[in-house]
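Next up, work_7.pdb (PDB, C-alpha atoms):
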```pdb
ATOM      1  CA  MET L 260       0.000   0.000   0.000
ATOM      2  CA  ALA L 261       2.882   2.334   0.863
ATOM      3  CA  PHE L 262       4.447   1.642  -2.519
ATOM      4  CA  LYS L 263       1.148   2.381  -4.246
ATOM      5  CA  GLY L 264       0.755   5.673  -2.340
ATOM      6  CA  GLY L 265       4.325   6.689  -3.161
ATOM      7  CA  TYR L 266       3.820   5.850  -6.827
ATOM      8  CA  THR L 267       0.633   7.951  -6.943
ATOM      9  CA  LYS L 268       2.447  10.920  -5.394
ATOM     10  CA  PHE L 269       5.387  10.524  -7.793
ATOM     11  CA  PHE L 270       3.009  10.326 -10.777
ATOM     12  CA  ALA L 271       1.172  13.470  -9.600
ATOM     13  CA  ILE L 272       4.472  15.383  -9.320
ATOM     14  CA  LEU L 273       5.512  14.111 -12.747
ATOM     15  CA  MET L 274       2.301  15.523 -14.250
ATOM     16  CA  VAL L 275       2.957  18.947 -12.705
ATOM     17  CA  VAL L 276       6.606  19.221 -13.830
ATOM     18  CA  PRO L 277       5.915  20.128 -17.524
ATOM     19  CA  ALA L 278       3.576  22.948 -16.462
ATOM     20  CA  LEU L 279       6.155  24.244 -13.965
ATOM     21  CA  VAL L 280       8.898  24.146 -16.601
ATOM     22  CA  LEU L 281       6.752  26.067 -19.111
ATOM     23  CA  TYR L 282       5.691  28.580 -16.435
ATOM     24  CA  SER L 283       9.322  29.133 -15.445
ATOM     25  CA  LEU L 284      10.507  29.540 -19.048
ATOM     26  CA  PHE L 285       7.764  31.864 -20.267
ATOM     27  CA  VAL L 286       6.621  33.717 -17.119
ATOM     28  CA  LEU L 287       8.900  33.465 -14.083
ATOM     29  CA  ILE L 288      12.350  33.870 -15.689
ATOM     30  CA  PRO L 289      11.283  36.720 -18.065
ATOM     31  CA  SER L 290       9.597  38.506 -15.126
ATOM     32  CA  ILE L 291      12.724  38.287 -12.974
ATOM     33  CA  GLY L 292      14.801  39.424 -15.961
ATOM     34  CA  ASN L 293      12.493  42.403 -16.490
ATOM     35  CA  VAL L 294      12.860  43.456 -12.844
ATOM     36  CA  LEU L 295      16.656  43.273 -13.092
ATOM     37  CA  LEU L 296      16.701  45.224 -16.383
ATOM     38  CA  SER L 297      14.702  48.026 -14.754
ATOM     39  CA  PHE L 298      17.787  48.855 -12.667
ATOM     40  CA  THR L 299      20.088  49.125 -15.708
ATOM     41  CA  ASP L 300      20.652  51.292 -18.785
ATOM     42  CA  PHE L 301      19.946  48.345 -21.120
ATOM     43  CA  THR L 302      19.466  49.644 -24.665
ATOM     44  CA  GLY L 303      17.993  46.531 -26.247
ATOM     45  CA  ASN L 304      21.265  45.673 -27.958
ATOM     46  CA  PRO L 305      22.848  42.620 -26.248
ATOM     47  CA  ASN L 306      26.226  43.482 -27.796
ATOM     48  CA  LEU L 307      26.494  46.757 -25.868
ATOM     49  CA  PRO L 308      27.623  46.768 -22.223
ATOM     50  CA  MET L 309      25.036  47.373 -19.492
ATOM     51  CA  LYS L 310      25.554  49.677 -16.525
ATOM     52  CA  TRP L 311      23.818  49.278 -13.172
ATOM     53  CA  LEU L 312      21.808  52.444 -12.459
ATOM     54  CA  GLY L 313      20.064  51.490  -9.242
ATOM     55  CA  LEU L 314      16.793  53.406  -8.833
ATOM     56  CA  TYR L 315      17.570  56.007 -11.518
ATOM     57  CA  ASN L 316      14.897  54.757 -13.965
ATOM     58  CA  TYR L 317      12.259  54.909 -11.228
ATOM     59  CA  LYS L 318      13.399  58.380 -10.131
ATOM     60  CA  ARG L 319      13.193  59.495 -13.744
ATOM     61  CA  ALA L 320       9.624  58.200 -13.977
ATOM     62  CA  PHE L 321       8.517  60.049 -10.835
ATOM     63  CA  ASN L 322      10.499  63.240 -11.454
ATOM     64  CA  ILE L 323      11.336  63.998 -15.092
ATOM     65  CA  ASP L 324       8.332  62.272 -16.711
ATOM     66  CA  MET L 325       5.873  62.653 -13.818
ATOM     67  CA  GLU L 326       3.522  64.935 -15.769
ATOM     68  CA  LYS L 327       3.253  62.488 -18.676
ATOM     69  CA  ILE L 328       2.925  59.469 -16.388
ATOM     70  CA  GLY L 329       0.361  61.277 -14.229
ATOM     71  CA  ASN L 330      -1.717  62.002 -17.331
ATOM     72  CA  SER L 331      -1.457  58.382 -18.507
ATOM     73  CA  ILE L 332      -2.546  57.091 -15.078
ATOM     74  CA  LYS L 333      -5.518  59.494 -15.069
ATOM     75  CA  VAL L 334      -6.555  58.411 -18.587
ATOM     76  CA  THR L 335      -6.131  54.741 -17.617
ATOM     77  CA  ILE L 336      -8.361  55.104 -14.544
ATOM     78  CA  ILE L 337     -11.077  56.973 -16.476
ATOM     79  CA  PHE L 338     -10.894  54.409 -19.289
ATOM     80  CA  ALA L 339     -10.920  51.364 -16.975
ATOM     81  CA  LEU L 340     -13.756  52.568 -14.725
ATOM     82  CA  SER L 341     -15.922  53.758 -17.631
ATOM     83  CA  VAL L 342     -15.556  50.521 -19.600
ATOM     84  CA  THR L 343     -16.022  48.289 -16.539
ATOM     85  CA  ILE L 344     -19.155  50.033 -15.235
ATOM     86  CA  ILE L 345     -20.939  50.635 -18.555
ATOM     87  CA  GLN L 346     -19.975  47.267 -20.053
ATOM     88  CA  ASN L 347     -21.235  45.276 -17.064
ATOM     89  CA  ILE L 348     -24.534  47.156 -16.813
ATOM     90  CA  LEU L 349     -25.102  46.688 -20.544
ATOM     91  CA  ALA L 350     -24.018  43.025 -20.441
ATOM     92  CA  VAL L 351     -26.476  42.208 -17.640
ATOM     93  CA  LEU L 352     -29.355  43.854 -19.516
ATOM     94  CA  LEU L 353     -28.458  42.083 -22.764
ATOM     95  CA  ALA L 354     -28.152  38.741 -20.957
ATOM     96  CA  VAL L 355     -31.612  39.193 -19.435
ATOM     97  CA  LEU L 356     -33.081  40.054 -22.847
ATOM     98  CA  VAL L 357     -31.512  37.162 -24.786
ATOM     99  CA  ASN L 358     -32.391  34.770 -21.960
ATOM    100  CA  ILE L 359     -36.078  35.357 -22.692
ATOM    101  CA  LYS L 360     -37.385  32.592 -24.944
ATOM    102  CA  LEU L 361     -38.144  34.718 -27.970
ATOM    103  CA  ARG L 362     -37.891  34.103 -31.674
ATOM    104  CA  PHE L 363     -34.372  34.709 -33.064
ATOM    105  CA  SER L 364     -32.880  35.023 -29.538
ATOM    106  CA  THR L 365     -30.030  32.696 -30.576
ATOM    107  CA  PHE L 366     -29.369  34.898 -33.607
ATOM    108  CA  TYR L 367     -29.256  38.052 -31.456
ATOM    109  CA  ARG L 368     -26.876  36.317 -29.059
ATOM    110  CA  SER L 369     -24.542  35.435 -31.937
ATOM    111  CA  VAL L 370     -24.627  38.976 -33.349
ATOM    112  CA  ILE L 371     -23.766  40.502 -29.961
ATOM    113  CA  PHE L 372     -20.891  38.045 -29.480
ATOM    114  CA  LEU L 373     -19.548  38.456 -33.046
ATOM    115  CA  PRO L 374     -17.051  41.291 -32.273
ATOM    116  CA  ASN L 375     -15.278  38.963 -29.819
ATOM    117  CA  VAL L 376     -14.401  36.660 -32.713
ATOM    118  CA  LEU L 377     -12.700  39.484 -34.615
ATOM    119  CA  GLY L 378      -9.094  40.384 -33.881
ATOM    120  CA  VAL L 379      -8.143  43.699 -32.280
ATOM    121  CA  VAL L 380      -6.500  44.941 -35.477
ATOM    122  CA  VAL L 381      -9.616  44.093 -37.517
ATOM    123  CA  ILE L 382     -11.868  45.908 -35.034
ATOM    124  CA  GLY L 383      -9.545  48.923 -35.064
ATOM    125  CA  LEU L 384      -9.468  49.072 -38.858
ATOM    126  CA  ILE L 385     -13.259  48.701 -39.136
ATOM    127  CA  TRP L 386     -13.888  51.632 -36.802
ATOM    128  CA  THR L 387     -11.108  53.708 -38.360
ATOM    129  CA  LEU L 388     -12.910  53.361 -41.698
ATOM    130  CA  VAL L 389     -16.330  54.026 -40.140
ATOM    131  CA  LEU L 390     -15.042  57.199 -38.441
ATOM    132  CA  ASP L 391     -12.816  58.329 -41.319
ATOM    133  CA  PRO L 392     -13.092  62.163 -41.571
ATOM    134  CA  TYR L 393     -13.176  62.099 -45.396
ATOM    135  CA  SER L 394     -15.086  59.008 -46.494
ATOM    136  CA  GLY L 395     -16.514  57.470 -43.319
ATOM    137  CA  PRO L 396     -20.304  57.007 -43.112
ATOM    138  CA  VAL L 397     -20.510  58.680 -39.680
ATOM    139  CA  ASN L 398     -18.797  61.842 -40.883
ATOM    140  CA  SER L 399     -20.901  61.832 -44.070
ATOM    141  CA  LEU L 400     -24.016  61.824 -41.879
ATOM    142  CA  LEU L 401     -22.656  64.614 -39.681
ATOM    143  CA  HIS L 402     -21.784  66.636 -42.778
ATOM    144  CA  ARG L 403     -25.494  66.832 -43.629
ATOM    145  CA  PHE L 404     -25.990  68.785 -40.399
ATOM    146  CA  ASN L 405     -22.776  70.824 -40.831
ATOM    147  CA  LEU L 406     -21.200  68.933 -37.915
ATOM    148  CA  ASP L 407     -18.386  67.166 -39.778
ATOM    149  CA  SER L 408     -15.342  66.532 -37.621
ATOM    150  CA  ALA L 409     -12.302  64.281 -37.382
ATOM    151  CA  LEU L 410     -13.891  62.429 -34.466
ATOM    152  CA  LEU L 411     -10.858  60.389 -33.423
ATOM    153  CA  GLY L 412      -8.734  63.511 -33.856
ATOM    154  CA  ASP L 413     -10.808  65.559 -31.411
ATOM    155  CA  PRO L 414      -9.304  65.557 -27.869
ATOM    156  CA  MET L 415     -12.800  66.041 -26.404
ATOM    157  CA  LEU L 416     -14.275  63.012 -28.189
ATOM    158  CA  ALA L 417     -11.417  60.555 -28.755
ATOM    159  CA  LEU L 418     -11.417  58.905 -25.317
ATOM    160  CA  GLY L 419     -15.209  58.564 -25.312
ATOM    161  CA  LEU L 420     -15.101  56.890 -28.719
ATOM    162  CA  VAL L 421     -12.324  54.514 -27.624
ATOM    163  CA  ILE L 422     -14.413  53.599 -24.557
ATOM    164  CA  PHE L 423     -17.469  52.987 -26.764
ATOM    165  CA  ILE L 424     -15.525  50.816 -29.240
ATOM    166  CA  THR L 425     -13.906  48.816 -26.415
ATOM    167  CA  ILE L 426     -17.333  48.095 -24.913
ATOM    168  CA  TRP L 427     -18.728  47.162 -28.339
ATOM    169  CA  ALA L 428     -15.837  44.741 -28.839
ATOM    170  CA  ASN L 429     -16.091  43.013 -25.439
ATOM    171  CA  VAL L 430     -19.673  43.219 -24.193
ATOM    172  CA  GLY L 431     -20.589  39.927 -25.891
ATOM    173  CA  TYR L 432     -18.135  37.935 -23.772
ATOM    174  CA  ALA L 433     -19.413  39.528 -20.558
ATOM    175  CA  MET L 434     -22.989  38.849 -21.682
ATOM    176  CA  LEU L 435     -22.265  35.116 -22.079
ATOM    177  CA  ILE L 436     -20.892  34.905 -18.526
ATOM    178  CA  TYR L 437     -24.029  36.589 -17.184
ATOM    179  CA  LEU L 438     -26.203  34.388 -19.395
ATOM    180  CA  ALA L 439     -24.605  31.274 -17.907
ATOM    181  CA  GLY L 440     -25.318  32.684 -14.451
ATOM    182  CA  LEU L 441     -28.946  33.436 -15.342
ATOM    183  CA  GLN L 442     -29.537  29.943 -16.695
ATOM    184  CA  SER L 443     -28.224  28.417 -13.460
ATOM    185  CA  ILE L 444     -30.882  30.210 -11.360
ATOM    186  CA  PRO L 445     -33.721  27.772 -10.471
ATOM    187  CA  SER L 446     -37.007  28.736 -12.141
ATOM    188  CA  ASP L 447     -38.833  27.857  -8.897
ATOM    189  CA  LEU L 448     -37.513  31.070  -7.351
ATOM    190  CA  TYR L 449     -39.116  33.179 -10.079
ATOM    191  CA  GLU L 450     -42.404  31.300  -9.753
ATOM    192  CA  ALA L 451     -42.389  31.840  -5.984
ATOM    193  CA  SER L 452     -41.714  35.568  -6.440
ATOM    194  CA  ARG L 453     -44.632  35.874  -8.867
ATOM    195  CA  ILE L 454     -46.918  34.127  -6.392
ATOM    196  CA  ASP L 455     -45.778  36.583  -3.706
ATOM    197  CA  GLY L 456     -46.758  39.455  -6.016
ATOM    198  CA  ALA L 457     -43.279  40.760  -6.853
ATOM    199  CA  ASN L 458     -43.033  42.819 -10.040
ATOM    200  CA  THR L 459     -40.272  42.517 -12.667
ATOM    201  CA  VAL L 460     -37.982  45.117 -11.064
ATOM    202  CA  GLN L 461     -38.350  43.620  -7.580
ATOM    203  CA  THR L 462     -37.641  40.131  -8.927
ATOM    204  CA  PHE L 463     -34.524  41.395 -10.697
ATOM    205  CA  LEU L 464     -33.188  43.264  -7.648
ATOM    206  CA  ARG L 465     -34.006  40.625  -5.024
ATOM    207  CA  ILE L 466     -33.438  37.374  -6.916
ATOM    208  CA  THR L 467     -31.549  37.809 -10.196
ATOM    209  CA  LEU L 468     -28.906  40.328  -9.129
ATOM    210  CA  PRO L 469     -27.927  38.633  -5.820
ATOM    211  CA  LEU L 470     -27.610  35.251  -7.554
ATOM    212  CA  LEU L 471     -25.395  36.801 -10.255
ATOM    213  CA  ARG L 472     -22.841  38.016  -7.690
ATOM    214  CA  SER L 473     -20.185  35.471  -8.722
ATOM    215  CA  SER L 474     -20.641  36.374 -12.396
ATOM    216  CA  ILE L 475     -20.398  40.080 -11.517
ATOM    217  CA  THR L 476     -17.130  39.502  -9.643
ATOM    218  CA  ILE L 477     -15.642  37.528 -12.546
ATOM    219  CA  ASN L 478     -16.688  40.086 -15.166
ATOM    220  CA  VAL L 479     -15.528  43.116 -13.173
ATOM    221  CA  LEU L 480     -12.098  41.595 -12.507
ATOM    222  CA  ILE L 481     -11.673  40.484 -16.140
ATOM    223  CA  SER L 482     -12.651  43.950 -17.347
ATOM    224  CA  LEU L 483     -10.345  45.758 -14.907
ATOM    225  CA  ILE L 484      -7.354  43.551 -15.723
ATOM    226  CA  GLY L 485      -7.939  44.014 -19.457
ATOM    227  CA  THR L 486      -8.494  47.776 -19.409
ATOM    228  CA  LEU L 487      -5.790  48.728 -16.899
ATOM    229  CA  GLY L 488      -3.165  47.208 -19.193
ATOM    230  CA  SER L 489      -4.872  48.042 -22.487
ATOM    231  CA  TYR L 490      -2.928  49.460 -25.419
ATOM    232  CA  ASP L 491      -3.562  47.331 -28.541
ATOM    233  CA  LEU L 492      -6.930  48.715 -29.682
ATOM    234  CA  ILE L 493      -5.916  52.245 -28.659
ATOM    235  CA  TYR L 494      -2.707  51.907 -30.685
ATOM    236  CA  VAL L 495      -4.690  51.035 -33.821
ATOM    237  CA  LEU L 496      -7.322  53.754 -33.306
ATOM    238  CA  THR L 497      -5.421  56.792 -32.000
ATOM    239  CA  SER L 498      -1.862  55.790 -31.001
ATOM    240  CA  GLY L 499      -2.476  57.614 -27.726
ATOM    241  CA  GLY L 500      -3.453  60.925 -29.323
ATOM    242  CA  PRO L 501      -4.678  63.507 -29.872
ATOM    243  CA  ASP L 502      -2.700  65.525 -27.307
ATOM    244  CA  GLY L 503      -2.391  62.501 -25.010
ATOM    245  CA  SER L 504      -6.166  62.264 -24.510
ATOM    246  CA  THR L 505      -6.088  58.465 -25.006
ATOM    247  CA  MET L 506      -2.564  57.867 -23.672
ATOM    248  CA  THR L 507      -3.115  55.042 -21.182
ATOM    249  CA  MET L 508      -0.246  53.669 -19.106
ATOM    250  CA  GLY L 509       0.098  50.698 -21.451
ATOM    251  CA  MET L 510       0.157  53.004 -24.463
ATOM    252  CA  PHE L 511       2.781  55.224 -22.795
ATOM    253  CA  ILE L 512       5.021  52.183 -22.273
ATOM    254  CA  ILE L 513       4.614  51.060 -25.895
ATOM    255  CA  LYS L 514       5.403  54.585 -27.135
ATOM    256  CA  ASN L 515       8.644  54.587 -25.147
ATOM    257  CA  LEU L 516       9.504  51.073 -26.306
ATOM    258  CA  LEU L 517       8.978  51.869 -29.994
ATOM    259  CA  GLY L 518      10.307  55.409 -29.781
ATOM    260  CA  GLY L 519      13.933  54.378 -30.108
ATOM    261  CA  GLY L 520      16.758  55.837 -28.081
ATOM    262  CA  GLY L 521      17.645  52.569 -26.372
ATOM    263  CA  LYS L 522      15.321  53.021 -23.380
ATOM    264  CA  GLN L 523      14.534  49.367 -22.673
ATOM    265  CA  GLY L 524      15.774  49.645 -19.083
ATOM    266  CA  TYR L 525      13.469  52.608 -18.519
ATOM    267  CA  VAL L 526      10.589  50.785 -20.225
ATOM    268  CA  SER L 527      11.138  47.838 -17.867
ATOM    269  CA  ALA L 528      10.836  50.220 -14.908
ATOM    270  CA  LEU L 529       7.603  51.640 -16.343
ATOM    271  CA  SER L 530       6.185  48.136 -16.780
ATOM    272  CA  ILE L 531       6.993  47.322 -13.133
ATOM    273  CA  ILE L 532       5.205  50.505 -12.019
ATOM    274  CA  GLN L 533       2.205  49.571 -14.170
ATOM    275  CA  PHE L 534       2.157  46.041 -12.746
ATOM    276  CA  LEU L 535       2.157  47.361  -9.172
ATOM    277  CA  ILE L 536      -0.693  49.793  -9.935
ATOM    278  CA  VAL L 537      -2.776  47.049 -11.594
ATOM    279  CA  PHE L 538      -2.004  44.603  -8.767
ATOM    280  CA  ILE L 539      -3.063  47.080  -6.056
ATOM    281  CA  VAL L 540      -6.271  48.053  -7.891
ATOM    282  CA  ILE L 541      -7.217  44.400  -8.509
ATOM    283  CA  MET L 542      -6.557  43.407  -4.876
ATOM    284  CA  ILE L 543      -8.673  46.309  -3.564
ATOM    285  CA  SER L 544     -11.443  45.568  -6.092
ATOM    286  CA  GLN L 545     -11.439  41.873  -5.227
ATOM    287  CA  TYR L 546     -11.663  42.670  -1.505
ATOM    288  CA  PHE L 547     -14.706  44.939  -1.927
ATOM    289  CA  LEU L 548     -16.373  42.596  -4.432
ATOM    290  CA  ARG L 549     -16.023  39.649  -2.044
ATOM    291  CA  ARG L 550     -17.526  41.728   0.763
ATOM    292  CA  LYS L 551     -20.382  42.744  -1.525
ATOM    293  CA  GLU L 552     -20.975  39.082  -2.397
ATOM    294  CA  GLU L 553     -21.347  38.272   1.305
ATOM    295  CA  GLU L 554     -23.786  41.171   1.789
ATOM    296  CA  LEU L 555     -25.902  40.025  -1.170
TER     297      LEU L 555
END
```
Target format structure tokens, applied to this file:
Amino acid sequence: MAFKGGYTKFFAILMVVPALVLYSLFVLIPSIGNVLLSFTDFTGNPNLPMKWLGLYNYKRAFNIDMEKIGNSIKVTIIFALSVTIIQNILAVLLAVLVNIKLRFSTFYRSVIFLPNVLGVVVIGLIWTLVLDPYSGPVNSLLHRFNLDSALLGDPMLALGLVIFITIWANVGYAMLIYLAGLQSIPSDLYEASRIDGANTVQTFLRITLPLLRSSITINVLISLIGTLGSYDLIYVLTSGGPDGSTMTMGMFIIKNLLGGGGKQGYVSALSIIQFLIVFIVIMISQYFLRRKEEEL
């Protein structure tokens, strides 16, 4: 029996080893390397010597570039909160609607989820063409009312449009998570609420919403993690412009990485700062969401 137990334990460890090796190669070692590079003047060229700078890159971020970084953090927070709140409210409402047994409900569900199948570059190009200031259909419509404008080139509108497009691209995925939660709620609860005389709003607030608390937590955390580090769709749409109005922290890091000048050490420091900000926000959000789950 002892031999059998030891064999089982050995086999279990053997199954875990490949995953640990892959995790170490592609996550752990690069992460440690990135932390070490943040203390150097690494230029990206392995043939050039590196010099240990200590905390210089971090001091530069919080002194020399503080205004730019402060703006990128502000934009990131506005972007992340706006997308998370609006997307989840919209996703819950859409999930409730498509959960009703109506004709073509499966078709509507597929249409709403369709943007999630498209790549980020494809989504960016589609909306760039739609909002094109010269030949885009939106601007052609605005031109009829003498309101033509380069919408993505307007500092007052660009961030709002990026938020809208991000929600359009991701709301389908959030809707499916809520839909799965809705379909797991026993129908007996709804029947009991109807017998007790509860109206639609009361049923939603007292039965549906509390029983969706796990789905809400999952969706909020997924949305926050995605938006706090977002740069890909923004890069395609506005590249962080105009005038830094869509310059998120992730976009600021990419700009420095692609801007030349051999600033990879500094970029590593920026990525560490971003990671710490995201980590703190996610931990705080998770704490309050868990407390809210217990209250519900």
>> Report as a VMD selection string all protein, DNA and RNA residues lying within 7 Å of stretch 519-534 of chain L, evaluated on all atoms listed in the file, omitting residues in the same chain fewer than 5 positions from it.
In response: chain L and resid 293 to 294 296 to 303 316 to 317 508 512
Result set of the PyMOL selection byres ((chain L and resi 353-356) around 9) on the coordinates above, as a PDB file with C-alpha atoms, in the frame of the given file:
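Writing the result to selection.pdb gives the following:
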```
ATOM      1  CA  ILE L 348     -24.534  47.156 -16.813  1.00  0.00           C
ATOM      2  CA  LEU L 349     -25.102  46.688 -20.544  1.00  0.00           C
ATOM      3  CA  ALA L 350     -24.018  43.025 -20.441  1.00  0.00           C
ATOM      4  CA  VAL L 351     -26.476  42.208 -17.640  1.00  0.00           C
ATOM      5  CA  LEU L 352     -29.355  43.854 -19.516  1.00  0.00           C
ATOM      6  CA  VAL L 357     -31.512  37.162 -24.786  1.00  0.00           C
ATOM      7  CA  ASN L 358     -32.391  34.770 -21.960  1.00  0.00           C
ATOM      8  CA  ILE L 359     -36.078  35.357 -22.692  1.00  0.00           C
ATOM      9  CA  LYS L 360     -37.385  32.592 -24.944  1.00  0.00           C
ATOM     10  CA  LEU L 361     -38.144  34.718 -27.970  1.00  0.00           C
ATOM     11  CA  SER L 364     -32.880  35.023 -29.538  1.00  0.00           C
ATOM     12  CA  ARG L 368     -26.876  36.317 -29.059  1.00  0.00           C
ATOM     13  CA  ILE L 371     -23.766  40.502 -29.961  1.00  0.00           C
ATOM     14  CA  VAL L 430     -19.673  43.219 -24.193  1.00  0.00           C
ATOM     15  CA  GLY L 431     -20.589  39.927 -25.891  1.00  0.00           C
ATOM     16  CA  ALA L 433     -19.413  39.528 -20.558  1.00  0.00           C
ATOM     17  CA  MET L 434     -22.989  38.849 -21.682  1.00  0.00           C
ATOM     18  CA  LEU L 435     -22.265  35.116 -22.079  1.00  0.00           C
ATOM     19  CA  ILE L 436     -20.892  34.905 -18.526  1.00  0.00           C
ATOM     20  CA  TYR L 437     -24.029  36.589 -17.184  1.00  0.00           C
ATOM     21  CA  LEU L 438     -26.203  34.388 -19.395  1.00  0.00           C
ATOM     22  CA  ALA L 439     -24.605  31.274 -17.907  1.00  0.00           C
ATOM     23  CA  LEU L 441     -28.946  33.436 -15.342  1.00  0.00           C
TER      24      LEU L 441
END
```
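Distances from L:Ile444, L:Leu281, L:Ala339, L:Leu517 to L:Ile541 were compared using only C-alpha atoms, and the smallest one belongs to L:Ala339.
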> Quick one: of L:Val370, L:Thr505, L:Ser394, L:Val460, who's nearest to L:Gly419, counting all atoms listed in the file?
Replying inline: L:Thr505
>> If I take atom CA of L:Asn306 and atom CA of L:Ile323, how far is one from the other in Å, to one decimal?
In response: 28.4 Å
Residue by residue, what does the PyMOL selection byres ((chain L and resi 337) around 12) grab here? Present the result as a compact mmCIF listing (two decimals) with C-alpha atoms, in the frame of the given file.
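Heads up, here's the output in result05.txt:
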```txt
# COMPACT_ATOMS: atom_id res chain seq x y z
CA ASN L 330 -1.72 62.00 -17.33
CA SER L 331 -1.46 58.38 -18.51
CA ILE L 332 -2.55 57.09 -15.08
CA LYS L 333 -5.52 59.49 -15.07
CA VAL L 334 -6.56 58.41 -18.59
CA THR L 335 -6.13 54.74 -17.62
CA ILE L 336 -8.36 55.10 -14.54
CA PHE L 338 -10.89 54.41 -19.29
CA ALA L 339 -10.92 51.36 -16.98
CA LEU L 340 -13.76 52.57 -14.72
CA SER L 341 -15.92 53.76 -17.63
CA VAL L 342 -15.56 50.52 -19.60
CA THR L 343 -16.02 48.29 -16.54
CA ILE L 344 -19.16 50.03 -15.24
CA ILE L 345 -20.94 50.64 -18.56
CA LEU L 418 -11.42 58.90 -25.32
CA GLY L 419 -15.21 58.56 -25.31
CA VAL L 421 -12.32 54.51 -27.62
CA ILE L 422 -14.41 53.60 -24.56
CA LEU L 483 -10.34 45.76 -14.91
CA THR L 486 -8.49 47.78 -19.41
CA LEU L 487 -5.79 48.73 -16.90
CA SER L 504 -6.17 62.26 -24.51
CA THR L 505 -6.09 58.46 -25.01
CA MET L 506 -2.56 57.87 -23.67
CA THR L 507 -3.12 55.04 -21.18
CA MET L 508 -0.25 53.67 -19.11
```
